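Before any comments, here is the structure.
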Amino acid sequence: TNYRNEWRGNAKTAIKNNLIGKKFNESNIGPLCLDIEVASVCDLACPHCYRQFISTPDKIMSKKLAFKLIKQASKLKVPSMKFNWRGEPLLNPKLPEIIDYAKKKGVLETMINTNATKLDKKMSEKIIKSGLDIMIYSFDGGTKNTYEKMRPGRFEKNNFDEIYKNILNFSKIKKKLNSTFPKTKIQ
């Protein structure tokens, strides 16, 4: 609750009290969320994505570096972490361990955005058991034809039916494990 209030109130407090530069640094307002790009690679080639127009390196973050960043952020009491920015986080095979470490370091809310291409049954179970709080599916297109046009594969063909199956299986596994988390939504 305090965490949610800070999301709504910190900017107002900073503006109201003219917290700029050194004055801001001396305030008690700290970062509320840290985005860690655990995989700066994507397995899709969506025509609307800027990755199609700007060259970016395809890299997977090491578990060691991720743990170091999480440890530093936990010392600052950063309450929220998102484990992706422009890449597909499930391409990092250490993602469940990274999320688990963040939860053990006291991170209140962990989240990812995923295209669900790598969300097979084994990964689903690992993600659920990791303690992830929020998973947002990026799923463009209401029909097979539209989806496959908007979400073409980069390395191999992307298939609407497979992704839909991955999402449904995730929900079934979550129920089987009697887990409330992660909360999921499609955008």
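Each chain of the structure tokens is named A, B, ... in the order shown, its residues numbered from 1; ligands are numbered from 1 in display order.
Excluding Leu32 (chain A) itself and any same-chain residue fewer than 5 positions from it, the protein and nucleic acid residues within 9 Å of it, counting only C-alpha atoms, are Tyr3, Glu6, Trp7, Lys77, Val78, Pro79, Ser80 and Met81 of chain A.
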Residues just named, written with N, CA, C and O atoms as a PDB file, in the first residue's frame:
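Result file is selection.pdb:
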ATOM      1  N   TYR A   3       3.858   1.370  -1.005  1.00  0.00           N
ATOM      2  CA  TYR A   3       4.504   1.271  -2.316  1.00  0.00           C
ATOM      3  C   TYR A   3       3.616   1.892  -3.399  1.00  0.00           C
ATOM      4  O   TYR A   3       4.071   2.703  -4.197  1.00  0.00           O
ATOM      5  N   GLU A   6       3.410   5.633  -3.086  1.00  0.00           N
ATOM      6  CA  GLU A   6       4.623   6.293  -3.576  1.00  0.00           C
ATOM      7  C   GLU A   6       4.593   6.434  -5.097  1.00  0.00           C
ATOM      8  O   GLU A   6       5.029   7.453  -5.635  1.00  0.00           O
ATOM      9  N   TRP A   7       4.068   5.426  -5.804  1.00  0.00           N
ATOM     10  CA  TRP A   7       3.948   5.541  -7.262  1.00  0.00           C
ATOM     11  C   TRP A   7       3.076   6.740  -7.624  1.00  0.00           C
ATOM     12  O   TRP A   7       3.336   7.452  -8.586  1.00  0.00           O
ATOM     13  N   LYS A  77      16.694  -0.498  -1.321  1.00  0.00           N
ATOM     14  CA  LYS A  77      15.297  -0.822  -1.013  1.00  0.00           C
ATOM     15  C   LYS A  77      14.367  -0.546  -2.196  1.00  0.00           C
ATOM     16  O   LYS A  77      13.230  -0.062  -2.007  1.00  0.00           O
ATOM     17  N   VAL A  78      14.834  -0.853  -3.408  1.00  0.00           N
ATOM     18  CA  VAL A  78      13.998  -0.718  -4.598  1.00  0.00           C
ATOM     19  C   VAL A  78      12.912  -1.798  -4.515  1.00  0.00           C
ATOM     20  O   VAL A  78      13.227  -2.984  -4.475  1.00  0.00           O
ATOM     21  N   PRO A  79      11.637  -1.398  -4.484  1.00  0.00           N
ATOM     22  CA  PRO A  79      10.581  -2.376  -4.235  1.00  0.00           C
ATOM     23  C   PRO A  79      10.101  -3.170  -5.447  1.00  0.00           C
ATOM     24  O   PRO A  79       9.392  -4.161  -5.297  1.00  0.00           O
ATOM     25  N   SER A  80      10.485  -2.758  -6.651  1.00  0.00           N
ATOM     26  CA  SER A  80       9.933  -3.392  -7.851  1.00  0.00           C
ATOM     27  C   SER A  80      11.021  -3.579  -8.908  1.00  0.00           C
ATOM     28  O   SER A  80      11.879  -2.717  -9.082  1.00  0.00           O
ATOM     29  N   MET A  81      10.957  -4.716  -9.602  1.00  0.00           N
ATOM     30  CA  MET A  81      11.900  -4.971 -10.696  1.00  0.00           C
ATOM     31  C   MET A  81      11.175  -5.607 -11.868  1.00  0.00           C
ATOM     32  O   MET A  81      10.352  -6.506 -11.688  1.00  0.00           O
TER      33      MET A  81
END
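Those residues that approach Lys157 (chain A) to within 9 Å, counting only C-alpha atoms, are Leu44, Glu148, Pro152, Gly153 and Arg154 of chain A; same-chain residues fewer than 3 positions away are not listed.
Counting only C-alpha atoms, the residue from A:Ala102, A:Ile127, A:Ile163, A:Ile173 that sits nearest to Phe139 (chain A) is A:Ile163.
Of note, CA of Lys118 (chain A) and CA of Asp35 (chain A) are spaced 20.7 Å apart.
Proximity ranking of A:Leu19, A:Ile99, A:Ile134, A:Leu90 relative to Lys122 (chain A) places A:Leu90 first, based on only C-alpha atoms.
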Within 7 Å of Ile60 (chain A) using only C-alpha atoms, minus same-chain residues under 3 positions, as a VMD selection string: chain A and resid 38 to 40 92
Residue among A:Met150, A:Leu119, A:Ile98, A:Leu132 lying closest to Asn166 (chain A), counting only C-alpha atoms: A:Leu119
Proximity to Thr110 (chain A) - best of A:Tyr147, A:Tyr137, A:Phe83, A:Tyr50, only C-alpha atoms: A:Phe83
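Minimum atom-to-atom distances from A:Ile186, A:Ile128, A:Met135, A:Ala11 to Pro89 (chain A) were compared using only C-alpha atoms, and the lowest value belongs to A:Met135.
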